[in-house]
Structures are given as structure tokens and as C-alpha cells.
Amino acid sequence: MTNVYSLDGILVFGLLFVCTCAYFKKVPRLKTWLLSEKKGVWGVFYKAAVIGTRLHAAVAVACVVMAFYVLFIK
């Protein structure tokens with residue numbers, strides 16, 4: 001039986017979320033619309049964007065490793 005919420009699925013979601021928010025930070029219209037709040041529920045997008053821009057090398061390596069895992073091992 002498979003789990004509905006698996007660890008690798010949560011990791012893929014987290015990596016995609018961080019990468020998407022980092023991209024949103026580079027687009028001016030999306031930055032003002034989505035990343036203007038730094039606290040509360042909307043602050044999660046801002047914090048993910050900051051993580052994605054500050055740790056861009058580690059996030060990129062994690063994305064490549066996770067893609068290899070999903071495509072070839074799983």
C-alpha cells in the first residue's frame with residue numbers, strides 16, 4: 001500500500017515552492033503583488049523567495065538530486 005503523503009512528495013513540493021517564489025521575486029509585477037507582505041500567511045511566499053535567492057546553489061543541487069531520484073530510482 002502506498003502512502004498518500006510521502007516524504008519525497010513533500011520534498012518535491014517544497015523545492016518547487018521555493019524555486020517558484022524565487023522566480024516571483026525576479027518579476028517586478030509579481031513581486032509587488034505577491035511578495036509585499038513579510039508577516040502572516042502571505043509572508044510564507046516572501047520567506048521562501050528569500051531562501052531561494054540566498055541559497056540558490058544548494059537549492060539547485062537539491063533540485064538536480066531530486067530529479068535524478070524521481071526519474072531513475074523511484
# chains A, B, ... in the order shown; residues from 1 in each chain; ligands from 1
>>> select_by_dssp(residues="range 19-51 of chain A", states="helix (DSSP H, G or I)", output="ChimeraX atom specification")
/A:19-26,28-34,43-51
>>> residues_around(residues="range 22-25 of chain A", least_positions_apart="5", cutoff="8 Å", atoms="only C-alpha atoms", output="JSON, numbers by chain")
{"A": [30, 31, 34, 35, 48, 49, 50, 51, 52, 53]}
>>> atom_distance(atom1="CA of Gly14 in chain A", atom2="CA of Gly40 in chain A")
18.6 Å
>>> residues_around(residues="Val12 in chain A", least_positions_apart="3", cutoff="9 Å", atoms="only C-alpha atoms", output="ChimeraX atom specification")
/A:7-9,15-17,63,66-67
>>> atom_distance(atom1="CA of Leu71 in chain A", atom2="CA of Thr20 in chain A")
20.6 Å
>>> atom_distance(atom1="CA of Trp33 in chain A", atom2="CA of Arg54 in chain A")
21.0 Å
>>> closest_residue(among="A:Val70, A:Leu11, A:Val65, A:Cys21", to="Gly43 in chain A", atoms="only C-alpha atoms")
A:Cys21
